[in-house]
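Below is the file model.txt, which contains compact mmCIF, C-alpha atoms and all ligand atoms.
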# COMPACT_ATOMS: atom_id res chain seq x y z
CA MET A 15 29.57 -61.59 7.83
CA ARG A 16 27.18 -58.78 6.88
CA ASN A 17 26.85 -60.32 3.42
CA SER A 18 25.95 -63.66 4.95
CA ARG A 19 23.22 -61.94 6.95
CA VAL A 20 21.74 -60.28 3.85
CA CYS A 21 21.85 -63.58 2.06
CA ILE A 22 20.14 -65.39 4.93
CA ALA A 23 17.41 -62.75 5.24
CA ALA A 24 16.56 -63.21 1.58
CA ILE A 25 16.02 -66.92 1.85
CA MET A 26 14.33 -67.18 5.23
CA LYS A 27 11.04 -65.84 3.90
CA SER A 28 10.64 -68.71 1.47
CA VAL A 29 12.77 -71.59 2.63
CA SER A 30 9.88 -73.66 3.89
CA PHE A 31 8.03 -73.55 0.56
CA ALA A 32 10.47 -75.02 -1.92
CA PRO A 33 13.60 -76.30 -0.19
CA ASN A 34 15.41 -77.62 -3.29
CA LEU A 35 14.85 -74.46 -5.22
CA ILE A 36 15.87 -72.30 -2.29
CA ARG A 37 19.03 -74.36 -1.69
CA ASP A 38 20.10 -73.71 -5.30
CA LYS A 39 19.24 -70.06 -5.05
CA THR A 40 21.14 -69.71 -1.79
CA LYS A 41 24.25 -71.23 -3.33
CA ARG A 42 24.03 -68.82 -6.29
CA MET A 43 23.37 -65.85 -4.07
CA ALA A 44 26.20 -66.76 -1.68
CA GLN A 45 28.61 -67.08 -4.59
CA ARG A 46 27.71 -63.61 -5.80
CA THR A 47 27.54 -61.77 -2.49
CA CYS A 48 29.91 -63.47 -0.01
CA PRO A 49 33.60 -62.96 -0.80
CA SER A 50 35.13 -65.60 1.50
CA ALA A 51 34.58 -69.35 1.38
CA GLY A 52 33.65 -69.36 5.09
CA GLU A 53 30.94 -66.76 4.58
CA ARG A 54 29.61 -68.63 1.57
CA GLU A 55 29.13 -71.83 3.56
CA LEU A 56 27.06 -70.35 6.36
CA PRO A 57 23.82 -69.55 4.47
CA VAL A 58 23.95 -72.83 2.56
CA LYS A 59 24.36 -74.87 5.76
CA LEU A 60 21.57 -72.97 7.48
CA VAL A 61 19.11 -73.57 4.65
CA LYS A 62 20.01 -77.26 4.59
CA TYR A 63 19.34 -77.43 8.32
CA ILE A 64 16.01 -75.59 8.19
CA SER A 65 14.66 -77.39 5.16
CA ASN A 66 15.55 -80.87 6.38
CA PRO A 67 12.28 -82.50 7.51
CA ALA A 68 14.14 -84.27 10.31
CA SER A 69 14.79 -80.90 11.89
CA ALA A 70 11.08 -80.46 12.41
CA GLY A 71 11.34 -83.00 15.20
CA LYS A 72 8.45 -85.23 14.15
CA ASP A 73 8.01 -87.66 11.31
CA THR A 74 4.55 -86.98 9.89
CA ALA A 75 5.07 -88.73 6.54
CA GLY A 76 1.91 -90.36 5.29
CA ILE A 77 -0.26 -89.04 8.10
CA ILE A 78 -2.90 -87.94 5.63
CA GLY A 79 -2.89 -91.09 3.51
CA ASN A 80 -5.29 -92.79 5.91
CA ALA A 81 -7.62 -89.86 6.43
CA LYS A 82 -9.16 -89.14 3.02
CA ASN A 83 -12.49 -88.23 4.54
CA ALA A 84 -10.94 -85.56 6.76
CA LEU A 85 -8.97 -84.26 3.77
CA GLN A 86 -12.18 -83.84 1.75
CA LYS A 87 -13.70 -81.93 4.65
CA ILE A 88 -10.65 -79.67 4.79
CA PHE A 89 -11.11 -78.91 1.07
CA ILE A 90 -14.78 -78.03 1.63
CA LEU A 91 -13.95 -75.85 4.61
CA LEU A 92 -11.26 -74.04 2.61
CA ARG A 93 -13.58 -73.59 -0.37
CA ASN A 94 -16.30 -72.11 1.83
CA ARG A 95 -13.83 -69.80 3.54
CA THR A 96 -11.65 -68.68 0.62
CA GLY A 97 -13.72 -69.47 -2.50
CA HIS A 98 -10.86 -71.58 -3.93
CA ASP A 99 -10.89 -75.32 -4.59
CA PHE A 100 -7.68 -77.07 -3.54
CA SER A 101 -8.98 -80.57 -4.31
CA VAL A 102 -7.60 -80.14 -7.87
CA TYR A 103 -4.08 -79.40 -6.61
CA LYS A 104 -1.52 -82.22 -6.47
CA LYS A 105 -2.30 -84.27 -3.41
CA SER A 106 1.35 -84.73 -2.42
CA THR A 107 1.91 -80.96 -2.26
CA VAL A 108 -1.32 -80.26 -0.40
CA CYS A 109 -0.56 -83.00 2.12
CA ARG A 110 2.94 -81.68 2.77
CA ARG A 111 1.55 -78.21 3.44
CA ILE A 112 -1.17 -79.54 5.76
CA GLU A 113 1.39 -81.67 7.59
CA ARG A 114 3.50 -78.58 8.11
CA ARG A 115 0.58 -76.70 9.66
CA MET A 116 -0.08 -79.77 11.86
CA ARG A 117 3.53 -79.78 13.07
CA ILE A 118 3.44 -76.07 13.80
CA ASN A 119 0.29 -76.55 15.87
CA ASN A 120 1.65 -79.71 17.51
CA LEU A 121 -1.11 -81.96 16.16
CA ASN A 122 -0.59 -85.61 15.21
CA ARG A 123 -3.81 -86.60 13.45
CA VAL A 124 -5.45 -84.95 10.50
CA THR A 125 -8.84 -85.32 12.20
CA GLU A 126 -7.46 -83.22 15.08
CA TYR A 127 -6.29 -80.66 12.56
CA LEU A 128 -9.74 -80.57 10.93
CA ARG A 129 -11.24 -79.80 14.36
CA TYR A 130 -8.54 -77.18 14.90
CA LEU A 131 -9.46 -75.54 11.59
CA GLN A 132 -13.11 -75.47 12.58
CA ILE A 133 -12.59 -73.77 15.92
CA HIS A 134 -9.71 -71.40 15.15
CA PRO A 135 -11.02 -68.72 12.79
CA GLN A 136 -7.54 -67.68 11.59
CA GLU A 137 -6.28 -71.15 10.73
CA PRO A 138 -8.12 -71.54 7.36
CA ASP A 139 -6.46 -68.32 6.17
CA LEU A 140 -3.07 -69.48 7.42
CA LEU A 141 -3.48 -72.81 5.63
CA PHE A 142 -4.63 -70.98 2.48
CA ARG A 143 -1.45 -68.90 2.50
CA GLU A 144 0.65 -71.98 3.20
CA LEU A 145 -0.87 -73.71 0.16
CA LEU A 146 -0.15 -70.84 -2.23
CA ILE A 147 3.63 -71.19 -2.22
CA GLY A 148 4.42 -67.70 -3.50
CA VAL A 149 8.17 -68.23 -4.03
CA THR A 150 9.39 -66.08 -6.90
CA ASP A 151 12.30 -63.99 -8.16
CA PHE A 152 13.18 -61.39 -10.77
CA PHE A 153 14.32 -63.23 -13.93
CA ARG A 154 13.86 -66.60 -12.26
CA ASP A 155 15.82 -68.97 -14.55
CA PRO A 156 17.79 -66.16 -16.28
CA GLU A 157 18.71 -68.32 -19.31
CA ALA A 158 15.03 -68.95 -20.01
CA PHE A 159 14.30 -65.20 -20.05
CA GLU A 160 17.31 -64.70 -22.32
CA ALA A 161 15.90 -67.35 -24.67
CA LEU A 162 12.51 -65.64 -24.59
CA LEU A 163 14.16 -62.37 -25.61
CA LYS A 164 16.28 -63.87 -28.39
CA LYS A 165 14.11 -66.67 -29.80
CA GLY A 166 10.53 -66.13 -28.61
CA LEU A 167 9.73 -62.42 -28.83
CA PRO A 168 11.07 -61.95 -32.40
CA LEU A 169 8.42 -64.42 -33.62
CA LEU A 170 5.71 -62.04 -32.43
CA LEU A 171 6.75 -59.40 -34.92
CA GLU A 172 6.41 -61.61 -38.00
CA ASN A 173 3.52 -60.39 -40.19
CA ARG A 174 2.39 -58.01 -37.49
CA PRO A 175 0.52 -54.82 -38.37
CA ARG A 176 2.33 -51.60 -37.53
CA ASN A 177 1.56 -49.92 -34.23
CA SER A 178 -0.25 -52.86 -32.71
CA VAL A 179 -0.08 -53.53 -28.99
CA ILE A 180 1.55 -56.68 -27.63
CA ARG A 181 -0.67 -58.20 -24.93
CA ALA A 182 0.81 -60.51 -22.31
CA TRP A 183 -0.72 -62.36 -19.36
CA VAL A 184 1.37 -63.46 -16.38
CA ILE A 185 -0.54 -66.12 -14.44
CA GLY A 186 0.25 -66.76 -10.77
CA CYS A 187 2.35 -63.60 -10.63
CA SER A 188 2.81 -63.73 -6.83
CA THR A 189 4.48 -60.48 -5.66
CA GLY A 190 5.10 -59.23 -9.18
CA GLU A 191 8.73 -60.08 -9.93
CA GLU A 192 7.92 -62.17 -13.03
CA ALA A 193 5.59 -59.53 -14.50
CA TYR A 194 8.16 -56.76 -13.97
CA SER A 195 10.88 -58.99 -15.48
CA LEU A 196 8.75 -59.50 -18.59
CA ALA A 197 8.04 -55.76 -18.75
CA MET A 198 11.80 -55.01 -18.65
CA LEU A 199 12.38 -57.56 -21.41
CA LEU A 200 9.61 -56.16 -23.62
CA ARG A 201 10.89 -52.60 -23.10
CA VAL A 202 14.36 -53.57 -24.29
CA PHE A 203 13.05 -55.71 -27.13
CA LEU A 204 10.62 -53.15 -28.54
CA SER A 205 13.00 -50.23 -28.16
CA LYS A 206 15.47 -52.02 -30.47
CA LYS A 207 12.90 -52.74 -33.16
CA LYS A 208 11.85 -50.26 -35.77
CA SER A 209 8.85 -52.35 -36.69
CA GLY A 210 6.21 -49.92 -35.54
CA VAL A 211 5.14 -52.11 -32.60
CA HIS A 212 5.85 -49.78 -29.76
CA LYS A 213 3.44 -50.67 -27.04
CA PHE A 214 2.75 -53.55 -24.76
CA ARG A 215 0.29 -54.25 -22.01
CA ILE A 216 0.76 -56.87 -19.28
CA PHE A 217 -2.05 -58.37 -17.23
CA ALA A 218 -0.72 -60.11 -14.12
CA THR A 219 -3.00 -62.21 -11.96
CA ASP A 220 -2.98 -64.34 -8.83
CA ILE A 221 -5.42 -65.63 -6.24
CA ASP A 222 -3.37 -64.22 -3.38
CA LYS A 223 -4.61 -60.69 -2.73
CA ASN A 224 -1.80 -59.91 -0.28
CA SER A 225 0.79 -60.78 -2.92
CA LEU A 226 -1.07 -58.66 -5.47
CA ALA A 227 -1.04 -55.67 -3.10
CA ALA A 228 2.75 -56.03 -2.76
CA ALA A 229 3.08 -56.41 -6.54
CA ARG A 230 1.16 -53.18 -7.18
CA LEU A 231 3.35 -51.34 -4.69
CA GLY A 232 6.47 -52.60 -6.47
CA VAL A 233 8.78 -52.14 -3.47
CA TYR A 234 11.44 -54.82 -2.92
CA PRO A 235 14.23 -55.43 -0.39
CA SER A 236 17.83 -54.67 -1.31
CA VAL A 237 18.60 -58.40 -1.78
CA ILE A 238 16.97 -58.29 -5.22
CA SER A 239 20.32 -56.92 -6.37
CA ALA A 240 21.43 -60.58 -6.46
CA ASP A 241 19.01 -61.19 -9.34
CA LEU A 242 19.27 -57.91 -11.27
CA SER A 243 22.22 -56.29 -13.01
CA GLU A 244 23.42 -52.84 -11.96
CA ALA A 245 22.17 -51.47 -15.27
CA ARG A 246 18.65 -52.86 -14.76
CA LEU A 247 18.53 -51.61 -11.18
CA ARG A 248 19.51 -48.11 -12.31
CA LYS A 249 17.14 -48.05 -15.26
CA TYR A 250 14.00 -49.50 -13.72
CA PHE A 251 14.20 -48.80 -9.96
CA ILE A 252 14.57 -45.92 -7.57
CA ILE A 253 16.05 -46.35 -4.10
CA GLU A 254 13.64 -45.57 -1.27
CA ASP A 255 14.70 -46.14 2.38
CA ASP A 256 17.17 -48.91 1.61
CA LYS A 257 14.65 -50.57 -0.68
CA TYR A 258 14.15 -50.64 -4.42
CA ARG A 259 10.93 -49.30 -5.90
CA VAL A 260 9.96 -50.08 -9.50
CA ARG A 261 9.81 -46.86 -11.50
CA ARG A 262 6.35 -45.58 -12.31
CA GLU A 263 6.77 -45.94 -16.09
CA LEU A 264 7.21 -49.69 -15.66
CA ARG A 265 4.51 -50.09 -13.01
CA GLU A 266 2.03 -48.41 -15.32
CA MET A 267 2.57 -51.04 -18.00
CA ILE A 268 1.11 -53.77 -15.77
CA HIS A 269 -2.42 -54.34 -14.48
CA PHE A 270 -2.42 -56.58 -11.42
CA ALA A 271 -5.73 -58.28 -10.70
CA ALA A 272 -7.22 -61.12 -8.67
CA GLN A 273 -8.07 -64.11 -10.85
CA ASP A 274 -8.34 -67.83 -10.18
CA ILE A 275 -6.97 -69.61 -13.22
CA ILE A 276 -9.12 -72.66 -12.52
CA THR A 277 -12.51 -71.00 -12.23
CA ASP A 278 -12.45 -67.42 -13.53
CA PRO A 279 -12.71 -66.26 -17.15
CA PRO A 280 -9.36 -65.86 -18.93
CA PHE A 281 -7.95 -62.89 -20.79
CA THR A 282 -8.10 -63.38 -24.55
CA GLY A 283 -6.41 -62.02 -27.69
CA LEU A 284 -3.00 -62.55 -26.13
CA ASP A 285 0.46 -62.63 -27.67
CA VAL A 286 2.24 -64.08 -24.65
CA ILE A 287 1.08 -66.23 -21.75
CA SER A 288 3.65 -66.67 -19.02
CA CYS A 289 2.44 -69.34 -16.63
CA ARG A 290 5.50 -70.39 -14.69
CA ASN A 291 5.64 -72.66 -11.66
CA VAL A 292 1.88 -72.77 -11.19
CA LEU A 293 0.81 -75.82 -13.24
CA ILE A 294 3.31 -77.91 -11.33
CA TYR A 295 1.00 -77.71 -8.30
CA LEU A 296 -2.14 -78.82 -10.19
CA ASN A 297 -3.34 -82.31 -11.06
CA SER A 298 -2.91 -83.54 -14.64
CA GLU A 299 -6.61 -83.29 -15.52
CA VAL A 300 -6.74 -79.59 -14.67
CA GLN A 301 -3.41 -79.00 -16.42
CA LYS A 302 -4.90 -80.47 -19.59
CA LYS A 303 -7.92 -78.18 -19.41
CA LEU A 304 -5.68 -75.20 -18.82
CA PHE A 305 -3.59 -75.92 -21.91
CA GLN A 306 -6.83 -75.90 -23.85
CA LEU A 307 -7.74 -72.59 -22.23
CA PHE A 308 -4.31 -71.10 -23.07
CA HIS A 309 -4.71 -72.26 -26.67
CA GLY A 310 -8.05 -70.46 -26.92
CA ALA A 311 -6.72 -67.32 -25.23
CA LEU A 312 -3.63 -66.90 -27.45
CA ASN A 313 -3.51 -65.23 -30.86
CA PRO A 314 -2.60 -67.61 -33.74
CA SER A 315 1.19 -67.40 -33.26
CA GLY A 316 1.15 -66.50 -29.58
CA LEU A 317 3.82 -67.72 -27.15
CA LEU A 318 3.48 -69.87 -24.05
CA PHE A 319 6.27 -69.54 -21.47
CA LEU A 320 6.28 -72.25 -18.78
CA GLY A 321 8.37 -73.01 -15.69
CA ASN A 322 11.45 -75.22 -15.68
CA CYS A 323 9.60 -78.39 -14.69
CA GLU A 324 6.47 -77.84 -16.80
CA SER A 325 5.51 -78.79 -20.36
CA PRO A 326 2.36 -79.23 -22.47
CA GLY A 327 2.86 -83.04 -22.29
CA SER A 328 -0.18 -84.74 -23.79
CA SER A 329 -1.40 -81.34 -25.06
CA GLY A 330 1.56 -81.22 -27.48
CA SER A 331 -0.82 -81.02 -30.45
CA LEU A 332 -1.79 -77.53 -29.27
CA PHE A 333 1.71 -76.09 -28.89
CA LYS A 334 5.00 -76.53 -30.72
CA PRO A 335 8.37 -75.95 -29.08
CA VAL A 336 10.30 -72.77 -29.88
CA ASP A 337 12.93 -73.66 -27.28
CA ARG A 338 12.04 -76.90 -25.51
CA ARG A 339 14.83 -76.64 -22.95
CA HIS A 340 13.70 -73.21 -21.81
CA LYS A 341 10.00 -74.08 -22.00
CA ILE A 342 9.01 -71.64 -24.71
CA PHE A 343 6.23 -72.84 -27.02
CA SER A 344 4.14 -71.29 -29.75
CA ARG A 345 0.48 -71.91 -30.42
CA ARG A 346 -0.26 -74.51 -33.06
CA GLU A 347 -3.49 -74.55 -35.03
CA ALA A 348 -5.45 -77.53 -33.66
CA THR A 349 -6.04 -80.10 -36.43
CA ASP A 350 -7.89 -83.39 -36.82
CA SER A 351 -6.27 -86.66 -37.97
CA GLN A 352 -6.45 -85.42 -41.61
CA GLY A 353 -4.64 -82.24 -40.67
CA GLU A 354 -7.79 -80.09 -41.00
CA PRO A 355 -8.13 -77.24 -38.48
CA ILE A 356 -10.68 -77.98 -35.76
CA GLY A 357 -12.42 -75.63 -33.38
CA LEU A 358 -11.89 -76.65 -29.76
CA PRO A 359 -14.87 -76.43 -27.43
CA PRO A 360 -14.68 -73.34 -25.21
CA PHE A 361 -13.35 -73.96 -21.72
CA LEU A 362 -16.55 -73.36 -19.78
CA PRO A 363 -18.24 -72.98 -17.42
CA TYR A 364 -16.51 -70.34 -15.38
CA ARG A 365 -17.72 -70.12 -11.86
CA VAL A 366 -18.75 -66.64 -10.81
CA LYS A 367 -18.30 -66.22 -7.11
CA LYS A 368 -21.33 -64.60 -5.57
CA GLU A 369 -21.80 -63.13 -2.17
CA ASN A 370 -25.29 -61.79 -1.39
CA GLY A 371 -26.03 -61.99 -5.09
CA THR A 372 -23.08 -59.77 -6.10
CA ASP A 373 -20.01 -60.73 -8.07
CA ILE A 374 -17.20 -60.52 -5.53
CA ARG A 375 -14.25 -60.61 -7.91
CA ALA A 376 -12.43 -57.69 -6.39
CA GLY A 377 -12.07 -54.71 -8.63
CA LEU A 378 -12.57 -56.62 -11.86
CA SER A 379 -15.04 -55.92 -14.58
CA LEU A 380 -15.69 -59.10 -16.54
CA SER A 381 -15.25 -57.38 -19.88
CA TYR A 382 -11.94 -55.97 -18.67
CA VAL A 383 -10.75 -59.46 -17.80
CA SER A 384 -11.65 -61.28 -20.95
CA GLY A 385 -11.78 -58.62 -23.61
CA VAL A 386 -15.36 -59.51 -24.53
CA THR A 387 -18.48 -57.56 -23.67
CA GLU A 388 -20.54 -58.02 -20.49
CA ALA A 389 -23.49 -59.12 -22.67
CA GLU A 390 -21.40 -61.86 -24.29
CA ILE A 391 -20.25 -63.08 -20.89
CA ASP A 392 -23.83 -63.09 -19.59
CA SER A 393 -24.95 -65.18 -22.52
CA GLN A 394 -21.99 -67.57 -22.00
CA LYS A 395 -22.98 -67.93 -18.37
CA ARG A 396 -26.65 -68.55 -19.29
CA ALA A 397 -25.60 -71.20 -21.81
CA SER A 398 -23.38 -72.97 -19.30
CA ALA A 399 -25.80 -72.76 -16.35
C1 LIG B 401 5.47 -70.67 -6.94
S1 LIG B 401 4.57 -69.21 -7.25
C2 LIG B 401 5.14 -68.82 -8.86
C3 LIG B 401 5.39 -67.35 -9.01
C4 LIG B 401 5.94 -66.97 -10.39
N1 LIG B 401 5.04 -67.36 -11.44
C5 LIG B 401 7.31 -67.55 -10.63
O1 LIG B 401 7.45 -68.49 -11.38
O2 LIG B 401 8.27 -67.06 -10.02
C6 LIG B 401 2.92 -69.82 -7.55
C7 LIG B 401 1.87 -68.71 -7.57
O3 LIG B 401 0.67 -69.24 -8.13
C8 LIG B 401 -0.43 -68.69 -7.44
N2 LIG B 401 -1.59 -69.56 -7.63
C9 LIG B 401 -1.83 -70.75 -7.06
N3 LIG B 401 -3.01 -71.22 -7.47
C10 LIG B 401 -3.52 -70.30 -8.34
C11 LIG B 401 -4.73 -70.22 -9.09
N4 LIG B 401 -5.65 -71.18 -9.03
N5 LIG B 401 -4.94 -69.14 -9.86
C12 LIG B 401 -4.00 -68.14 -9.93
N6 LIG B 401 -2.86 -68.17 -9.23
C13 LIG B 401 -2.61 -69.24 -8.44
C14 LIG B 401 0.06 -68.63 -6.00
O4 LIG B 401 -0.69 -67.71 -5.22
C15 LIG B 401 1.52 -68.22 -6.18
O5 LIG B 401 1.64 -66.82 -6.14

Represent the structure contained in this file as structure tokens.
Ligand SMILES: C[S@@+](CC[C@H](N)C(=O)[O-])C[C@H]1O[C@@H](n2cnc3c(N)ncnc32)[C@H](O)[C@@H]1O
Amino acid sequence: MRNSRVCIAAIMKSVSFAPNLIRDKTKRMAQRTCPSAGERELPVKLVKYISNPASAGKDTAGIIGNAKNALQKIFILLRNRTGHDFSVYKKSTVCRRIERRMRINNLNRVTEYLRYLQIHPQEPDLLFRELLIGVTDFFRDPEAFEALLKKGLPLLLENRPRNSVIRAWVIGCSTGEEAYSLAMLLRVFLSKKKSGVHKFRIFATDIDKNSLAAARLGVYPSVISADLSEARLRKYFIIEDDKYRVRRELREMIHFAAQDIITDPPFTGLDVISCRNVLIYLNSEVQKKLFQLFHGALNPSGLLFLGNCESPGSSGSLFKPVDRRHKIFSRREATDSQGEPIGLPPFLPYRVKKENGTDIRAGLSLSYVSGVTEAEIDSQKRASA
């Protein structure tokens, strides 16, 4: 019974965000942690019950379809309050999240919810957090990480100068699990190679500052043992008050920073971009622009690692599959119809958020973010103004 409780605690935090994914995860976790069939059934049944829309008591399907005007106003209100533009996110996802907030606040019409947002100062922040969907895990999709280790990373060492540093960017890193997973993988990979490439640096970004604070802390509940082997737990974590804390050596390999992938300047000169389960929430037009941005940010044979349900789609000319099933791609030189390399236009302009005339991107120097000088960024901004 205790195992069932641990299992339930792990899933409760995220069940409302991605029910299908959580149902699968619960099943896996129950199989690993609950010895008896009876115990195994309990968490699975509970998740099914909680995530079933009927259990919410009200059918709100399509509520927003007839209230486009109110929806636009909600986007503007959110943009003014948080600085982030949710009008480019997939409408179906945004509507589901808004409908959930409406149900919680017992509101039936989206116009009522708009009014509610205007008069309750905390609600825009609550909706913002609802929209971010920070569900994540260590080694989420373990086979994909295995494929990255075996098929993807070795490509990075081909024709590589000795003692160079591998640079990776984890986009939409949430509470850090993906970035730490990649760090563990790179540690193992580089320690086995005698190629002279010994170092790596990971930049991990998100728009959710609360998640980033948790990521920097690197403290996780004991249920992470369902996703990590004993050996990894021993090697990379220390136990603190019934929790696991990522060891300092690993934490120091990662820089966590606030960055909006849609509007802020990217990192450049990268060997790996891991952008998993973020694009899936964005509309196809923005996805296309982001593939262009990733292409520009990667080194010539850099790797792109996507989530299970994501792929470059119509941007296939920019990336070739290394392992299509596990969503690992490598950068392709962009060519014209004659096969000649072409230079893509830079993905500009980047919006610089200003508050009282000051750049409010917390703790970030622009040159640190993009690897180019402040003067270059200023001139880019002037050109795009
Ligand atoms: C479902 S989680 C994915 C976490 C992790 N990448 C994984 O696959 O386990 C999506 C993350 O993307 C972040 N996100 C959403 N919009 C973003 C944006 N415009 N720029 C950067 N991060 C964003 C959210 O805050 C959330 O942490």

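Of note, CA of Pro168 in chain A and CA of Phe203 in chain A are spaced 8.4 Å apart.
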
Shell of 6 Å around ligand LIG 401 (chain B) (all atoms listed in the file), written as an NGL selection string
:A and (146-151 or 186-188 or 192 or 220-222 or 273-276 or 290-292)

Nearest candidate to Val108 in chain A (options A:Gln306, A:Asn297, A:Thr277, A:Asn83; using only C-alpha atoms)
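So, comparing all the options, the nearest one is A:Asn297.
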
Which residues come within 9 Å of range 225-237 of chain A, counting only C-alpha atoms, excluding same-chain residues fewer than 2 positions away, as an NGL selection string?
:A and (20-21 or 23-24 or 148 or 187-191 or 193-194 or 218-223 or 239-241 or 253-254 or 256-261 or 265 or 268-272)

Within 9 Å of Tyr127 in chain A using all atoms listed in the file, minus same-chain residues under 4 positions, as an MDAnalysis selection string:
chainID A and resid 84 88 112 115:116 119 121:123 131:132

Mind giving me the straight-line distance from CA of Ser344 in chain A to CA of Leu318 in chain A in Å, one decimal?
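CA of Leu318 in chain A lies at a distance of 5.9 Å from CA of Ser344 in chain A.
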
Mind pulling up the distance from CA of Arg143 in chain A to CA of Lys104 in chain A?
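Result for CA of Lys104 in chain A versus CA of Arg143 in chain A: 16.1 Å, one decimal.
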